[in-house]
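J.: Below: one structure in structure tokens.
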Protein chains: 2
Amino acid sequence: MALYAVIMAGGVGSRFWPRSRRALPKQFLDVFDEASLIQNTFARLQPMVTPERTFVVTHADYAATTREHLPAVPPANILAEPQARNTAPCIALAAQRLHALDPDAVMVVLPADHRIANVARFHEVLRAAVDAAGTPVAADAGRYPLVTIGIRPTHPETGYGYIQFDADGDTDGTPDGGPGDAPVAHRVLTFAEKPDLATAERFLDAGDFLWNSGMFIWRADAILDALAEHTPEVAAAFAPLAGVFGADASDAEAAIAEAYAATPKISIDYGVMERAPDVMVVPGDFGWSDVGDWRAVHELADKDEAGNRGDGHVIFQDTAHSYARSADGRLLVLVGMRDALVVDTGDAVLVCHRDKAQQVKDVVDFLGLHGMTEYV
Amino acid sequence: MALYAVIMAGGVGSRFWPRSRRALPKQFLDVFDEASLIQNTFARLQPMVTPERTFVVTHADYAATTREHLPAVPPANILAEPQARNTAPCIALAAQRLHALDPDAVMVVLPADHRIANVARFHEVLRAAVDAAGTPVAADAGRYPLVTIGIRPTHPETGYGYIQFDADGDTDGTPDGGPGDAPVAHRVLTFAEKPDLATAERFLDAGDFLWNSGMFIWRADAILDALAEHTPEVAAAFAPLAGVFGADASDAEAAIAEAYAATPKISIDYGVMERAPDVMVVPGDFGWSDVGDWRAVHELADKDEAGNRGDGHVIFQDTAHSYARSADGRLLVLVGMRDALVVDTGDAVLVCHRDKAQQVKDVVDFLGLHGMTEYV
């Protein structure tokens, strides 16, 4: 039973405008250091999954860039989606590929653009999830659970979905995933949509709610069975691939195009996770962030005593809690600012209040709608 | 008794960084429209003073730029200072030049970088000041007053000096300089330094205090006499010029260099106005601003309903009370900002809180001290 990684890298990440562009989405940006987010995601898997067993699903437009960023991954492992159809088709594609390769394959499915501070702890959690995914459910020795990693919440975040788990198995009286706890898989009770603040505060106080991280661990055959059961339209669209993978690549490309033309657009959460009976979650506390916007970059970055972080050619004068990034050697000067995010690229400059970083997405929509496609 | 204009254009205006640079000070910037501030100052004098009777005193480094901006002014009327020595030497130079040209010359001395909204009213006030400057003081038919224009304050500004005038001659019971009042020259009682806020509020309530605008009107012989009496070191340094002007230009240049080497650095306010007995002021209410910083530009500009003004390629998203100016076709996007001033030039971007616009000067000092002279 070998372990494979599937990195989902099809997103656009328009909240990282003006750095993220249609031609260069967030996962390819060096947001924190010299390496891109996708390179960090790949590197962090290395001790557990070899490059040869690492797969990437991305939009066809980004296949070449993905190959450039991950030269160690065999080019054939980069699966190109002809259209963005959300996560269920992406996962169906990868599961068909891996199942054709190895009927006992266990897949770790990870977004390409997240950040994890404590990699050693991440590996512990991942190992517990892999163990759970490889252990048949009690009721049926032929069935295996779908496992996800839930993040122990640190604040009442309203931007994430939540997962409620069955805490009965918690024997030491402390929350699972707390420091020192060995990671343990729990049965999932419910998936909750993004809550309002009062609900998020209730979730936080309750102690048995976790953030939905979008990381999944399961046997390829288990997720294929679950897709067939809970989203048969997706499963049917991708079923023909079972006979194609392993044949020559041009056949696969045509079959993939047909599958994407036939599949509905649906997320794996909505299509499978919220409907399947045998779902488990391992609480994780490894300094996770989905690096959702420039505010998150500021929060995660090392800062000076005033809470400022400048990348490139930046001067802060009487300024606090701010982030600035210059480009092309241009000088950025902030005077008397609080909670400002300033991002310069060659052709555009964003000046954004920290609390409004989510709205950057709206700007990208505006630019597209108004034909300013050179900036999108 | 002919009227001459002297435009003082020697300043650097570093609060307009990053647009103002050592090589291109504020007076040469097109802050509000297609014309530079010095071009607007010149144009606004035109109905009253001909180009041939308009003189400019500027630093030698800016003489060529001044000629480019004011092609209608005879090149010989642009007087180059070899060093910046504050306003008293600048005025002594111009007064010697004009007195040599016309012993009865009346000079209007104006900073190059101010803005006046109501030019017709400015002309009324200026005519009253010229009348006063040409009328001998009662005690001595051979003495003429020094006249200044004081601005009717609209708020308790702490950034300006104030002038208290003798309101006894006010016969209609309304403040002089109010709408509809014919402008009248009053005797000056005191010059007050920049006040604290409580004092500024007291000045505003009192009704007989005006802002010191730095605009002066006097006979050339009257200011030369006053310089001799109150700042004899300055007068002595410039006295040799009386015999030189009118001779060939190379002699004048050498003599001017000697005068500047000999003169102390002193303002006309401190050196003469605060000491002279026969000083008068005409209250003015013509929409004056010294355009001191980027905040003033935002305040004076036409704005949209949210109080924003964008010059160039600018998008405001959920933003209010802000000013942004782009350069080189680069796109500036403000998201969720309040009270922000953003100024992009080719090589630098300033992001400044409206209330901290004065501190931009400190940034320029910082850049100079740290050897970043390419930005100064």
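Labels for the structure tokens follow display order: chains A, B, ..., residues from 1 in each chain, ligands from 1.
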Compute the set of chain A residues within 9 Å of chain B, using only C-alpha atoms, and express it as a VMD selection string.

T.: chain A and resid 315 317 to 318 328 to 338 340 342 344 346 to 357 359 to 360 362 to 363 375

J.: Rounded to one decimal in Å, what is the spacing between atom CA of Leu197 of chain B and atom CA of Leu210 of chain B?

T.: 15.1 Å

J.: List as a ChimeraX atom specification the protein and nucleic acid residues near Gln96 of chain A, meaning an atom at most 10 Å away when only C-alpha atoms are counted, but skip any in the same chain fewer than 5 places from it.

T.: /A:91,101-103,220-221,223-224,235,238-245

J.: Which residues are near Met273 of chain B? Cut-off 12 Å, only C-alpha atoms, ignore same chain within fewer than 2 positions. Put them as an MDAnalysis selection string.

T.: chainID B and resid 87:88 145:148 163 188:192 212 214:218 223 226:227 229:231 266:271 275:281

J.: Could you write out that same residue set with C-alpha atoms as a PDB file, in the first residue's frame?

T.:
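Output (result-v1.pdb):
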```
ATOM      1  CA  THR B  87      13.903  86.160   1.581  1.00  0.00           C
ATOM      2  CA  ALA B  88      15.659  89.368   2.730  1.00  0.00           C
ATOM      3  CA  PRO B 145       4.762 102.293   3.868  1.00  0.00           C
ATOM      4  CA  LEU B 146       5.638  98.628   3.490  1.00  0.00           C
ATOM      5  CA  VAL B 147       2.453  96.798   2.596  1.00  0.00           C
ATOM      6  CA  THR B 148       1.621  93.129   2.910  1.00  0.00           C
ATOM      7  CA  ILE B 163      -0.594  89.538  11.515  1.00  0.00           C
ATOM      8  CA  VAL B 188      -0.171  96.508  11.329  1.00  0.00           C
ATOM      9  CA  LEU B 189       0.028  96.185  15.114  1.00  0.00           C
ATOM     10  CA  THR B 190       2.095  92.976  15.482  1.00  0.00           C
ATOM     11  CA  PHE B 191       3.476  89.996  13.651  1.00  0.00           C
ATOM     12  CA  ALA B 192       2.874  86.778  15.604  1.00  0.00           C
ATOM     13  CA  ASN B 212       0.923  85.996   6.905  1.00  0.00           C
ATOM     14  CA  GLY B 214       4.399  86.268   2.278  1.00  0.00           C
ATOM     15  CA  MET B 215       3.077  88.697  -0.367  1.00  0.00           C
ATOM     16  CA  PHE B 216       4.507  92.201  -0.197  1.00  0.00           C
ATOM     17  CA  ILE B 217       3.908  95.466  -2.032  1.00  0.00           C
ATOM     18  CA  TRP B 218       6.191  98.480  -1.684  1.00  0.00           C
ATOM     19  CA  ILE B 223      12.220  98.633   1.025  1.00  0.00           C
ATOM     20  CA  ALA B 226      13.950  99.847   5.404  1.00  0.00           C
ATOM     21  CA  LEU B 227      16.671  97.249   4.768  1.00  0.00           C
ATOM     22  CA  GLU B 229      17.625 100.863   8.679  1.00  0.00           C
ATOM     23  CA  HIS B 230      16.675  97.419  10.073  1.00  0.00           C
ATOM     24  CA  THR B 231      19.119  94.911   8.540  1.00  0.00           C
ATOM     25  CA  ILE B 266      17.615  86.162   7.122  1.00  0.00           C
ATOM     26  CA  SER B 267      13.943  86.420   6.269  1.00  0.00           C
ATOM     27  CA  ILE B 268      12.284  89.673   5.281  1.00  0.00           C
ATOM     28  CA  ASP B 269       9.710  89.091   8.023  1.00  0.00           C
ATOM     29  CA  TYR B 270      12.293  88.871  10.775  1.00  0.00           C
ATOM     30  CA  GLY B 271      14.751  91.324   9.211  1.00  0.00           C
ATOM     31  CA  ARG B 275      10.884  95.884  13.060  1.00  0.00           C
ATOM     32  CA  ALA B 276       9.664  98.595  10.666  1.00  0.00           C
ATOM     33  CA  PRO B 277       7.232 101.220  11.964  1.00  0.00           C
ATOM     34  CA  ASP B 278       5.221 101.929   8.813  1.00  0.00           C
ATOM     35  CA  VAL B 279       3.785  98.554   7.891  1.00  0.00           C
ATOM     36  CA  MET B 280       0.285  98.126   6.527  1.00  0.00           C
ATOM     37  CA  VAL B 281      -1.800  95.097   5.634  1.00  0.00           C
TER      38      VAL B 281
END
```

J.: Restricting the calculation to only C-alpha atoms: of B:Arg53, B:Arg127, B:Arg21, B:Arg202, which residue gets closest to Val73 of chain B?

T.: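 Result for the nearest residue to Val73 of chain B: B:Arg53.
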